[in-house]
Amino acid sequence: MQKLINLPIDTVAESLQGLELAHEKILRVSHKSRFVYRADAPVHGKVAIVSGSGSGHEPLNVGYVGRGMLDAACLGDVFTSPTPMQYLAATEMVEGGAGVLYVVKNHTGGVLNMEIAMEMAAEREIMVKTVLVNDDVAVDDAANRRGLGAAIFVEKIAGAAAERGYTLNQVQAVAKRSSTQCRSMGVALTSCILPNLGRPTFDLPADEMEIGVGIHGERGRQRIPSTSADQVVELLLEPIMADLEVRAGDRMLVMVSGLGGTPQQELYIVYRHLHKLLTMRGVTIEQQLIGNYITSLEMAGCAVTLMRVDAELLELWNAPVHTPTLWW
Amino acid sequence: MLVMVHIMNSEISASCIERWLLVFAERILEKKDYLTDLDAAIGDGDHGLNMARGVERLRERLGSKLVAAGRPLNAGLAAATEPADAETNIGVLLRTVAMTLISGVGGAAGALYGSFFLNAAKEAASLLKNGADPQRNISIAEFSQVLRSGLEGLKQRGKAGLDEKTMIDAFEPAIDALQDSIEQGEDATAAFTAACQAAEKGMQKTIGMQALKGRASYLGPRSIGHQDPGATSTFYLFEAARKAFA
Ligand SMILES: Nc1ncnc2c1ncn2[C@@H]1O[C@H](COP(=O)(O)OP(=O)(O)OP(=O)(O)O)[C@@H](O)[C@H]1O
Ligand SMILES: [Mg+2]
């Protein structure tokens, strides 16, 4: 498989250069510390929302920087969480006097580097709080669940709350509440190729699928013979519904995110069946995102995320947002 | 004469530690693809890349300092057991190593190895600050104490212990073996050889374990049958220690 890159080692830097040129009204890039931040940062008196991850998941998180969502997003090497120094530099850049909320996707590298960053920020007397995103029901042990698509919902809602003038404690509370209402599960039809490696991370025969994958090209929970889109939807949705204890009358945000290598056409086929199953169960879909929102390089497959909302969460979700990827 | 040799052989200087890390760096760069393959099997295939990035930064920091201090890399054991030069206090050196890894690597490995060296640095600094000469060499018993503190820092940061299929499964037996050997009055050669062997055995034991921490834990029982990449890089750390200190 070919990639549209120049030198493999320049992949992350050159992608950031392009992002900055494409969205100069919305964001800026610190090329030295490798983070993206709001063009108008710091916003005085507003709680700043900071996130980060390895690269290769675009548009996560860099595509969610802008008014109404993230103040800054740090970017590591491909699939490698950013360093504490990157978080610290981003924090100092966007902190506007009302404190900072870190959105932490649960996995060892992400959590540990942010923890160290928080300790350093505390030494500099910057107030930092965190919200943990851990929505992947493919991991049995609930405490160990990976963060997946819920990051987008949590970042949007926290960003809207901050924009409305919520205090740091209030932003953290509403972000935590959103996080507990999210569940996800993903499926891979192919592996993906790290630019610096040039070959797939794992072998997946053409007639098999990996159920329960994360977004780092790691293998999933279970390998099954290839099956139809409708059946895959059922395999993904059932554990989500059970774990979230979905009941008739629940109001949901729904996301079907391609993992990078699946056409939009197929994502709509997924959504079609998802919509049918949810409607049959008496669930109201308040809004849906169908497209590449959280990816794993060119991996084929998708991840389904559900978030149960109440009036406050829905209002914050619907509040204006102005980022390269979400805009309303 | 015999006593002299014994003392020389059982003291650790700052430049000796630098040499240890440079040997480690070389080994990691040689084994980069292998570490990455191990991580591709049960993780996300970046451990070799992460470690290589880290040790390259270390080489930039340490290599230049060594050369500047007039100590070429191949200066051998004599140079390595010379007393540390004026600027290189062992605590400061270990702290530089920690900060280089914390700021230059990312991922789980950067934070964990970084925490190891940061806690080791704190222990070394407190050992040295009470004495008359903060630039002094330390005994191998003190060095083992420094490594032990590093391990405690790593375990605390990772909230992990033995038998969870992580680098701790190589670190802990290695440091136990080092300490046992020193307490039994064995010399540096014996002690670091024992540590290296214990790290290797610990690394091999991870093959049979199910991962309970880190990215490999997501695989559940499917993680069994694969050697942990972090335990493997840790084995190289103790292999380098045997070469540098024994
Ligand atoms: N909680 C932990 N405690 C100790 N060691 C751990 C822990 N979690 C993972 N490890 C070690 O880290 C190694 C993986 O390091 P690696 O450099 O591949 O980071 P990573 O997990 O891919 O990081 P990221 O999650 O940011 O992508 C594992 O092989 C294991 O030895
Ligand atoms: Mg890895």
# chains A, B, ... in the order shown; residues from 1 in each chain; ligands from 1

$ interface_residues --of "chain B" --to "chain A" --cutoff "8 Å" --atoms "only C-alpha atoms" --output "PyMOL selection string"
chain B and resi 40-46+50+102-112+157-158+213-215+218-220

$ residues_around --residues "Ile126 in chain A" --least-positions-apart "4" --cutoff "7 Å" --atoms "only C-alpha atoms" --output "list in words"
Gly99, Ala121 and Ala122 of chain A

$ select_by_dssp --residues "range 3-228 of chain B" --states "strand (DSSP E)" --output "MDAnalysis selection string"
chainID B and resid 11:12 138:139

$ residues_around --residues "range 324-326 of chain A" --least-positions-apart "6" --cutoff "10 Å" --atoms "only C-alpha atoms" --output "MDAnalysis selection string"
chainID A and resid 19 22:23 25:27 58:66 68:69 152 156 289 292:293

$ residues_around --residues "Asp187 in chain B" --least-positions-apart "4" --cutoff "7 Å" --atoms "only C-alpha atoms" --output "ChimeraX atom specification"
/B:10,182,191

$ residues_around --residues "Leu88 in chain A" --least-positions-apart "6" --cutoff "8 Å" --atoms "only C-alpha atoms" --output "number ranges by chain"
A: 117-118, 120-121

$ write_last_selection --atoms "N, CA, C and O atoms" --output "PDB file, in the first residue's frame"
ATOM      1  N   ALA A 117       2.220  15.825  33.528  1.00  0.00           N
ATOM      2  CA  ALA A 117       1.973  17.217  33.124  1.00  0.00           C
ATOM      3  C   ALA A 117       1.207  17.966  34.209  1.00  0.00           C
ATOM      4  O   ALA A 117       1.515  19.117  34.533  1.00  0.00           O
ATOM      5  N   MET A 118       0.217  17.295  34.806  1.00  0.00           N
ATOM      6  CA  MET A 118      -0.576  17.944  35.860  1.00  0.00           C
ATOM      7  C   MET A 118       0.276  18.295  37.056  1.00  0.00           C
ATOM      8  O   MET A 118       0.113  19.344  37.669  1.00  0.00           O
ATOM      9  N   MET A 120       3.407  18.951  36.989  1.00  0.00           N
ATOM     10  CA  MET A 120       4.243  20.099  36.622  1.00  0.00           C
ATOM     11  C   MET A 120       3.429  21.396  36.610  1.00  0.00           C
ATOM     12  O   MET A 120       3.912  22.447  37.029  1.00  0.00           O
ATOM     13  N   ALA A 121       2.201  21.317  36.115  1.00  0.00           N
ATOM     14  CA  ALA A 121       1.344  22.507  36.084  1.00  0.00           C
ATOM     15  C   ALA A 121       1.063  22.969  37.509  1.00  0.00           C
ATOM     16  O   ALA A 121       1.045  24.174  37.795  1.00  0.00           O
TER      17      ALA A 121
END
